[in-house]
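Student: As input, take upload-v6.cif (mmCIF, C-alpha atoms):
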```cif
data_model
#
loop_
_atom_site.group_PDB
_atom_site.id
_atom_site.type_symbol
_atom_site.label_atom_id
_atom_site.label_comp_id
_atom_site.auth_asym_id
_atom_site.auth_seq_id
_atom_site.Cartn_x
_atom_site.Cartn_y
_atom_site.Cartn_z
ATOM 1 C CA MET R 1 -45.348 212.371 -84.149
ATOM 2 C CA ALA R 2 -44.410 215.557 -82.262
ATOM 3 C CA GLU R 3 -40.776 215.107 -83.268
ATOM 4 C CA VAL R 4 -41.618 214.658 -86.950
ATOM 5 C CA TYR R 5 -43.993 217.632 -86.830
ATOM 6 C CA ALA R 6 -41.210 219.768 -85.331
ATOM 7 C CA ALA R 7 -38.872 218.635 -88.108
ATOM 8 C CA LEU R 8 -41.424 219.978 -90.629
ATOM 9 C CA THR R 9 -42.323 223.266 -88.975
ATOM 10 C CA THR R 10 -39.160 224.645 -87.358
ATOM 11 C CA VAL R 11 -36.162 226.119 -89.160
ATOM 12 C CA GLU R 12 -33.848 224.004 -87.004
ATOM 13 C CA GLY R 13 -35.749 220.826 -87.854
ATOM 14 C CA LEU R 14 -35.975 221.525 -91.591
ATOM 15 C CA ALA R 15 -32.283 222.448 -91.719
ATOM 16 C CA GLY R 16 -31.550 219.049 -90.178
ATOM 17 C CA TRP R 17 -32.845 216.980 -93.056
ATOM 18 C CA TRP R 18 -33.576 219.073 -96.201
ATOM 19 C CA THR R 19 -31.141 221.915 -96.548
ATOM 20 C CA THR R 20 -28.889 223.560 -94.010
ATOM 21 C CA ASP R 21 -29.754 226.898 -95.666
ATOM 22 C CA THR R 22 -33.352 227.221 -94.418
ATOM 23 C CA GLN R 23 -34.941 230.451 -93.230
ATOM 24 C CA GLY R 24 -38.380 231.826 -92.527
ATOM 25 C CA ASP R 25 -41.449 230.845 -90.605
ATOM 26 C CA GLY R 26 -42.914 227.346 -90.824
ATOM 27 C CA ASP R 27 -45.102 227.388 -87.753
ATOM 28 C CA ASP R 28 -47.725 229.996 -88.703
ATOM 29 C CA LEU R 29 -50.431 229.981 -91.351
ATOM 30 C CA GLY R 30 -49.301 232.225 -94.205
ATOM 31 C CA GLY R 31 -45.658 232.063 -93.093
ATOM 32 C CA VAL R 32 -43.040 231.628 -95.810
ATOM 33 C CA LEU R 33 -40.098 229.234 -95.665
ATOM 34 C CA ARG R 34 -37.068 229.859 -97.869
ATOM 35 C CA PHE R 35 -35.036 226.776 -98.758
ATOM 36 C CA ARG R 36 -31.768 227.293 -100.645
ATOM 37 C CA PHE R 37 -29.553 224.690 -102.293
ATOM 38 C CA GLY R 38 -26.360 224.860 -104.311
ATOM 39 C CA ALA R 39 -28.374 224.926 -107.529
ATOM 40 C CA GLY R 40 -31.250 227.222 -106.504
ATOM 41 C CA GLY R 41 -34.115 227.030 -104.095
ATOM 42 C CA PHE R 42 -37.785 227.072 -103.210
ATOM 43 C CA ASP R 43 -40.063 229.382 -101.245
ATOM 44 C CA MET R 44 -43.007 227.679 -99.579
ATOM 45 C CA LYS R 45 -46.055 229.340 -98.089
ATOM 46 C CA VAL R 46 -47.682 227.542 -95.173
ATOM 47 C CA LEU R 47 -51.310 226.858 -96.233
ATOM 48 C CA ASP R 48 -52.426 224.542 -93.469
ATOM 49 C CA LEU R 49 -51.206 223.256 -90.110
ATOM 50 C CA ASP R 50 -52.742 220.712 -87.775
ATOM 51 C CA PRO R 51 -50.243 220.307 -84.921
ATOM 52 C CA GLY R 52 -48.764 216.823 -84.835
ATOM 53 C CA LYS R 53 -50.839 215.694 -87.793
ATOM 54 C CA ARG R 54 -50.659 217.754 -90.936
ATOM 55 C CA VAL R 55 -48.555 220.350 -92.779
ATOM 56 C CA LEU R 56 -49.408 221.817 -96.190
ATOM 57 C CA TRP R 57 -47.184 224.116 -98.249
ATOM 58 C CA GLU R 58 -47.683 225.901 -101.554
ATOM 59 C CA VAL R 59 -44.631 226.597 -103.689
ATOM 60 C CA VAL R 60 -44.598 230.362 -104.301
ATOM 61 C CA ASP R 61 -41.103 230.699 -105.811
ATOM 62 C CA GLY R 62 -38.574 228.366 -107.394
ATOM 63 C CA PRO R 63 -38.261 226.412 -110.648
ATOM 64 C CA GLU R 64 -41.147 227.137 -113.014
ATOM 65 C CA GLU R 65 -42.382 223.538 -112.852
ATOM 66 C CA TRP R 66 -42.745 223.794 -109.057
ATOM 67 C CA ILE R 67 -44.612 227.072 -108.770
ATOM 68 C CA GLY R 68 -48.205 226.526 -107.685
ATOM 69 C CA THR R 69 -47.629 222.899 -106.729
ATOM 70 C CA GLU R 70 -48.408 221.701 -103.218
ATOM 71 C CA VAL R 71 -46.324 219.712 -100.775
ATOM 72 C CA ALA R 72 -48.436 217.859 -98.232
ATOM 73 C CA TRP R 73 -47.355 216.006 -95.115
ATOM 74 C CA ASN R 74 -49.849 213.823 -93.259
ATOM 75 C CA LEU R 75 -48.725 212.039 -90.112
ATOM 76 C CA ASP R 76 -50.291 208.947 -88.641
ATOM 77 C CA GLN R 77 -49.387 206.789 -85.666
ATOM 78 C CA VAL R 78 -49.464 203.019 -86.340
ATOM 79 C CA ASP R 79 -48.259 200.961 -83.369
ATOM 80 C CA ASP R 80 -44.808 202.346 -82.596
ATOM 81 C CA HIS R 81 -44.315 203.871 -86.069
ATOM 82 C CA THR R 82 -44.994 207.453 -87.074
ATOM 83 C CA VAL R 83 -46.062 207.060 -90.702
ATOM 84 C CA VAL R 84 -45.281 210.039 -92.932
ATOM 85 C CA LEU R 85 -47.611 210.199 -95.923
ATOM 86 C CA PHE R 86 -46.041 212.619 -98.368
ATOM 87 C CA HIS R 87 -47.386 214.165 -101.594
ATOM 88 C CA HIS R 88 -45.919 216.676 -103.994
ATOM 89 C CA ARG R 89 -48.897 217.270 -106.227
ATOM 90 C CA GLY R 90 -50.055 219.574 -108.981
ATOM 91 C CA TRP R 91 -47.279 219.007 -111.539
ATOM 92 C CA LYS R 92 -48.599 220.127 -114.906
ATOM 93 C CA GLU R 93 -46.642 217.531 -116.914
ATOM 94 C CA PRO R 94 -44.837 214.315 -115.956
ATOM 95 C CA VAL R 95 -41.500 215.721 -117.169
ATOM 96 C CA GLU R 96 -38.120 214.105 -116.540
ATOM 97 C CA PHE R 97 -37.460 216.736 -113.843
ATOM 98 C CA MET R 98 -40.491 215.397 -111.939
ATOM 99 C CA HIS R 99 -38.987 211.909 -111.982
ATOM 100 C CA HIS R 100 -35.699 213.299 -110.706
ATOM 101 C CA CYS R 101 -37.534 215.112 -107.916
ATOM 102 C CA SER R 102 -39.543 212.008 -107.029
ATOM 103 C CA THR R 103 -36.410 209.957 -106.354
ATOM 104 C CA LYS R 104 -34.715 212.892 -104.657
ATOM 105 C CA TRP R 105 -37.707 213.413 -102.334
ATOM 106 C CA ALA R 106 -37.328 209.785 -101.256
ATOM 107 C CA VAL R 107 -33.671 210.417 -100.465
ATOM 108 C CA PHE R 108 -34.675 213.387 -98.295
ATOM 109 C CA LEU R 109 -37.474 211.379 -96.638
ATOM 110 C CA MET R 110 -34.771 208.896 -95.609
ATOM 111 C CA SER R 111 -32.780 211.867 -94.299
ATOM 112 C CA LEU R 112 -35.818 212.980 -92.242
ATOM 113 C CA LYS R 113 -36.185 209.421 -90.916
ATOM 114 C CA SER R 114 -32.523 209.372 -89.948
ATOM 115 C CA LEU R 115 -32.786 212.775 -88.243
ATOM 116 C CA VAL R 116 -35.718 211.665 -86.105
ATOM 117 C CA GLU R 117 -34.295 208.221 -85.312
ATOM 118 C CA THR R 118 -30.642 209.094 -84.748
ATOM 119 C CA GLY R 119 -30.485 212.886 -84.370
ATOM 120 C CA THR R 120 -28.521 213.259 -87.620
ATOM 121 C CA GLY R 121 -29.951 213.718 -91.102
ATOM 122 C CA ALA R 122 -28.228 214.335 -94.431
ATOM 123 C CA PRO R 123 -29.444 217.761 -95.581
ATOM 124 C CA ASP R 124 -27.949 219.560 -98.591
ATOM 125 C CA PRO R 125 -24.962 219.903 -99.069
ATOM 126 C CA HIS R 126 -24.442 216.546 -97.319
ATOM 127 C CA ASP R 127 -27.243 214.812 -99.231
ATOM 128 C CA VAL R 128 -26.887 211.747 -101.459
ATOM 129 C CA LYS R 129 -26.433 212.929 -105.040
ATOM 130 C CA ILE R 130 -28.611 210.793 -107.273
ATOM 131 C CA ASP R 131 -27.776 211.859 -110.820
ATOM 132 C CA ASN R 132 -26.234 214.562 -113.040
ATOM 133 C CA TRP R 133 -28.914 217.004 -111.799
ATOM 134 C CA ASN R 134 -27.735 216.201 -108.256
ATOM 135 C CA MET O 1 -24.521 201.635 -119.604
ATOM 136 C CA ALA O 2 -23.480 197.998 -120.187
ATOM 137 C CA GLU O 3 -22.957 197.511 -116.462
ATOM 138 C CA VAL O 4 -26.379 198.919 -115.565
ATOM 139 C CA TYR O 5 -28.006 196.831 -118.302
ATOM 140 C CA ALA O 6 -26.340 193.710 -116.893
ATOM 141 C CA ALA O 7 -27.631 194.616 -113.427
ATOM 142 C CA LEU O 8 -31.169 194.619 -114.893
ATOM 143 C CA THR O 9 -31.003 191.488 -117.033
ATOM 144 C CA THR O 10 -28.872 188.927 -115.189
ATOM 145 C CA VAL O 11 -29.852 187.013 -112.062
ATOM 146 C CA GLU O 12 -26.490 187.856 -110.506
ATOM 147 C CA GLY O 13 -26.955 191.578 -111.199
ATOM 148 C CA LEU O 14 -30.556 191.729 -109.972
ATOM 149 C CA ALA O 15 -29.635 189.789 -106.823
ATOM 150 C CA GLY O 16 -26.999 192.429 -106.149
ATOM 151 C CA TRP O 17 -29.401 195.330 -105.677
ATOM 152 C CA TRP O 18 -33.065 194.214 -105.431
ATOM 153 C CA THR O 19 -33.369 190.878 -103.683
ATOM 154 C CA THR O 20 -30.821 188.175 -103.067
ATOM 155 C CA ASP O 21 -33.596 185.640 -103.807
ATOM 156 C CA THR O 22 -33.849 186.192 -107.569
ATOM 157 C CA GLN O 23 -34.328 183.417 -110.107
ATOM 158 C CA GLY O 24 -35.335 183.019 -113.722
ATOM 159 C CA ASP O 25 -34.430 184.486 -117.071
ATOM 160 C CA GLY O 26 -34.097 188.250 -117.600
ATOM 161 C CA ASP O 27 -32.164 188.239 -120.832
ATOM 162 C CA ASP O 28 -34.709 186.770 -123.261
ATOM 163 C CA LEU O 29 -38.007 188.129 -124.518
ATOM 164 C CA GLY O 30 -40.807 186.262 -122.779
ATOM 165 C CA GLY O 31 -38.498 185.090 -119.992
ATOM 166 C CA VAL O 32 -39.832 185.246 -116.442
ATOM 167 C CA LEU O 33 -37.942 186.577 -113.430
ATOM 168 C CA ARG O 34 -39.007 185.512 -109.935
ATOM 169 C CA PHE O 35 -38.164 187.953 -107.163
ATOM 170 C CA ARG O 36 -38.824 186.844 -103.569
ATOM 171 C CA PHE O 37 -38.731 188.958 -100.402
ATOM 172 C CA GLY O 38 -39.453 188.242 -96.755
ATOM 173 C CA ALA O 39 -43.035 189.386 -97.200
ATOM 174 C CA GLY O 40 -43.821 187.921 -100.646
ATOM 175 C CA GLY O 41 -42.639 188.509 -104.154
ATOM 176 C CA PHE O 42 -43.167 189.396 -107.787
ATOM 177 C CA ASP O 43 -42.925 187.513 -111.081
ATOM 178 C CA MET O 44 -41.968 189.683 -114.046
ATOM 179 C CA LYS O 45 -42.232 188.732 -117.713
ATOM 180 C CA VAL O 46 -39.688 190.339 -120.025
ATOM 181 C CA LEU O 47 -41.696 192.255 -122.646
ATOM 182 C CA ASP O 48 -38.950 194.228 -124.348
ATOM 183 C CA LEU O 49 -35.151 194.396 -124.426
ATOM 184 C CA ASP O 50 -32.850 196.772 -126.273
ATOM 185 C CA PRO O 51 -29.333 195.845 -125.165
ATOM 186 C CA GLY O 52 -27.662 198.620 -123.208
ATOM 187 C CA LYS O 53 -30.706 200.881 -123.566
ATOM 188 C CA ARG O 54 -34.028 199.526 -122.496
ATOM 189 C CA VAL O 55 -35.701 196.841 -120.391
ATOM 190 C CA LEU O 56 -39.461 196.393 -119.981
ATOM 191 C CA TRP O 57 -41.188 193.992 -117.602
ATOM 192 C CA GLU O 58 -44.830 193.116 -117.006
ATOM 193 C CA VAL O 59 -45.854 191.982 -113.550
ATOM 194 C CA VAL O 60 -47.507 188.569 -114.008
ATOM 195 C CA ASP O 61 -47.736 187.501 -110.360
ATOM 196 C CA GLY O 62 -47.524 189.257 -106.977
ATOM 197 C CA PRO O 63 -49.723 191.597 -104.957
ATOM 198 C CA GLU O 64 -53.048 192.241 -106.661
ATOM 199 C CA GLU O 65 -52.260 195.954 -107.120
ATOM 200 C CA TRP O 66 -49.103 195.095 -109.070
ATOM 201 C CA ILE O 67 -50.503 192.505 -111.494
ATOM 202 C CA GLY O 68 -50.648 193.900 -115.032
ATOM 203 C CA THR O 69 -48.498 196.929 -114.200
ATOM 204 C CA GLU O 70 -45.301 197.586 -116.135
ATOM 205 C CA VAL O 71 -41.813 198.328 -114.913
ATOM 206 C CA ALA O 72 -39.744 200.206 -117.496
ATOM 207 C CA TRP O 73 -36.036 200.990 -117.485
ATOM 208 C CA ASN O 74 -34.630 203.416 -120.046
ATOM 209 C CA LEU O 75 -30.906 204.110 -120.019
ATOM 210 C CA ASP O 76 -29.223 207.188 -121.425
ATOM 211 C CA GLN O 77 -25.617 208.346 -121.448
ATOM 212 C CA VAL O 78 -25.105 212.018 -120.482
ATOM 213 C CA ASP O 79 -21.433 212.987 -120.269
ATOM 214 C CA ASP O 80 -19.952 210.508 -117.798
ATOM 215 C CA HIS O 81 -23.308 209.628 -116.202
ATOM 216 C CA THR O 82 -25.521 206.690 -117.096
ATOM 217 C CA VAL O 83 -28.982 208.087 -116.431
ATOM 218 C CA VAL O 84 -31.586 205.501 -115.393
ATOM 219 C CA LEU O 85 -35.112 206.641 -116.223
ATOM 220 C CA PHE O 86 -37.437 204.399 -114.293
ATOM 221 C CA HIS O 87 -41.232 204.000 -114.416
ATOM 222 C CA HIS O 88 -43.603 201.685 -112.618
ATOM 223 C CA ARG O 89 -46.811 202.461 -114.415
ATOM 224 C CA GLY O 90 -50.355 201.204 -114.743
ATOM 225 C CA TRP O 91 -51.459 201.405 -111.110
ATOM 226 C CA LYS O 92 -55.266 201.410 -111.083
ATOM 227 C CA GLU O 93 -55.556 203.632 -108.007
ATOM 228 C CA PRO O 94 -53.097 205.912 -106.165
ATOM 229 C CA VAL O 95 -53.420 203.829 -102.992
ATOM 230 C CA GLU O 96 -51.184 204.203 -99.940
ATOM 231 C CA PHE O 97 -49.362 201.025 -101.000
ATOM 232 C CA MET O 98 -48.349 202.816 -104.223
ATOM 233 C CA HIS O 99 -46.795 205.631 -102.188
ATOM 234 C CA HIS O 100 -44.931 203.096 -100.082
ATOM 235 C CA CYS O 101 -43.648 201.387 -103.237
ATOM 236 C CA SER O 102 -42.627 204.721 -104.774
ATOM 237 C CA THR O 103 -40.308 205.552 -101.885
ATOM 238 C CA LYS O 104 -39.102 201.961 -101.671
ATOM 239 C CA TRP O 105 -38.244 201.936 -105.397
ATOM 240 C CA ALA O 106 -36.064 205.003 -104.794
ATOM 241 C CA VAL O 107 -34.260 203.146 -102.017
ATOM 242 C CA PHE O 108 -33.595 200.255 -104.398
ATOM 243 C CA LEU O 109 -32.506 202.648 -107.183
ATOM 244 C CA MET O 110 -29.898 203.950 -104.734
ATOM 245 C CA SER O 111 -28.922 200.315 -104.098
ATOM 246 C CA LEU O 112 -28.514 199.794 -107.873
ATOM 247 C CA LYS O 113 -26.395 202.957 -108.062
ATOM 248 C CA SER O 114 -24.238 201.713 -105.231
ATOM 249 C CA LEU O 115 -23.832 198.270 -106.828
ATOM 250 C CA VAL O 116 -22.641 199.775 -110.110
ATOM 251 C CA GLU O 117 -20.398 202.400 -108.500
ATOM 252 C CA THR O 118 -18.883 200.381 -105.668
ATOM 253 C CA GLY O 119 -19.619 196.723 -106.433
ATOM 254 C CA THR O 120 -21.909 196.427 -103.400
ATOM 255 C CA GLY O 121 -25.641 197.109 -103.295
ATOM 256 C CA ALA O 122 -28.163 196.682 -100.504
ATOM 257 C CA PRO O 123 -30.647 194.054 -101.763
ATOM 258 C CA ASP O 124 -33.323 192.530 -99.534
ATOM 259 C CA PRO O 125 -32.810 191.401 -96.741
ATOM 260 C CA HIS O 126 -30.061 194.038 -96.372
ATOM 261 C CA ASP O 127 -32.223 196.886 -97.706
ATOM 262 C CA VAL O 128 -33.154 200.056 -95.842
ATOM 263 C CA LYS O 129 -36.524 199.507 -94.160
ATOM 264 C CA ILE O 130 -38.637 202.608 -94.753
ATOM 265 C CA ASP O 131 -41.811 202.060 -92.726
ATOM 266 C CA ASN O 132 -44.027 199.531 -90.964
ATOM 267 C CA TRP O 133 -44.626 197.818 -94.337
ATOM 268 C CA ASN O 134 -40.813 197.480 -94.630
#
```
Give the structure from the file, written as structure tokens.

Tutor:
Amino acid sequence: MAEVYAALTTVEGLAGWWTTDTQGDGDDLGGVLRFRFGAGGFDMKVLDLDPGKRVLWEVVDGPEEWIGTEVAWNLDQVDDHTVVLFHHRGWKEPVEFMHHCSTKWAVFLMSLKSLVETGTGAPDPHDVKIDNWN
Amino acid sequence: MAEVYAALTTVEGLAGWWTTDTQGDGDDLGGVLRFRFGAGGFDMKVLDLDPGKRVLWEVVDGPEEWIGTEVAWNLDQVDDHTVVLFHHRGWKEPVEFMHHCSTKWAVFLMSLKSLVETGTGAPDPHDVKIDNWN
């Protein structure tokens, strides 16, 4: 669980599975993380941290549909598995962009899994492109 | 679009990306498809078909949480992309099993993409295992 928590709260960890262009502060309440991708990016404010167990972000800048939404990570240990329970909640409408993001989040969750298990993830720009929105 | 539609309506296509143990009839209204996995399976009744464009299934047997839910596939052509808009709707409660299935569906959507693009998917039992529920 400590390894997954580090991958969610350190710039080095986040850059290993989500986007190589990650900056900011993910390990302090109120810190802001800046994630940039080819097509744009997101700024996340750290709303809650429970070391090894829980990370909560609020989207403070990015695509209009994302602003004000929350990204929550809850970690649980079940036998020899660290279970990552992930939510991106607060979408105003179930638009097609949300469905794109849902599948794309899963692709990045697999990248996080790969980073923790093998030491190598597939962050942007090395991520799997899923559709014409990338 | 014809290739994706075939991958959703023929036993050979479905066995190429979801589970190798697929039987039944996916190309007739009212037909039933039987999908079996290591841990269990699903029976789907074909509720609607619009060749090349749309496939709709109702879950008629499987885990209790799935029975009565609908799996919808809507295909659209955008430039040189066939866009697959996928829903699994009608869950009674947003239980943890739903979140597992959401990520697992994305893994299988990537398997479908791979089948259509390269001729080889990753159906069960060759699928990516995502967690302790598989």

Student: Expand the PyMOL selection byres ((chain R) within 12 of (chain O)) into the individual residues it matches in the shown file, reporting them as a VMD selection string.

Tutor: chain R and resid 74 76 to 88 94 to 114 117 128 to 134

Student: Counting only C-alpha atoms, what is within 8 Å of Thr19 of chain R, bar same-chain residues fewer than 2 positions away, as an MDAnalysis selection string?

Tutor: chainID R and resid 14:17 21:22 35:37 123:125

Student: Report as a list of chain:residue names the full result of the PyMOL selection byres ((chain R and resi 59-69) around 9) when it is applied to this structure.

Tutor: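 Applied to this file, the PyMOL selection byres ((chain R and resi 59-69) around 9) returns R:Val32, R:Arg34, R:Gly40, R:Gly41, R:Phe42, R:Asp43, R:Met44, R:Lys45, R:Trp57, R:Glu58, R:Glu70, R:Val71, R:His88, R:Arg89, R:Gly90, R:Trp91, R:Lys92, R:Glu93, R:Val95, R:Phe97, R:Met98.
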
Student: One decimal, in Å: what's the spacing between atom CA of Arg54 of chain R and atom CA of Thr20 of chain R?

Tutor: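 Distance reported for this atom pair: 22.7 Å.
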
Student: Which value, in Å to one decimal, gives the distance between atom CA of Leu115 of chain O and atom CA of Asp25 of chain O?

Tutor: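 According to the coordinates, atom CA of Leu115 of chain O and atom CA of Asp25 of chain O are separated by 20.2 Å.
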
Student: Enter the distance from atom CA of Asp48 of chain R to atom CA of His126 of chain R, in Å, rounded to one decimal.

Tutor: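 Between atom CA of Asp48 of chain R and atom CA of His126 of chain R the gap works out to 29.4 Å.
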
Student: Which residue, O:Glu3, O:Asp127, O:Asp27, O:Glu12, has the smallest gap to Leu49 of chain O when you use all atoms listed in the file?

Tutor: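 Residue with the minimum atom-to-atom distance to Leu49 of chain O: O:Asp27.
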
Student: Using all atoms listed in the file, collect all residues at a distance of at most 8 Å from (-50.3, 217.9, -81.7) as written in the file, then present them as a list in words.

Tutor: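 It turns out the residues near that spot are Met1, Ala2, Asp50, Pro51, Gly52 and Lys53 of chain R.
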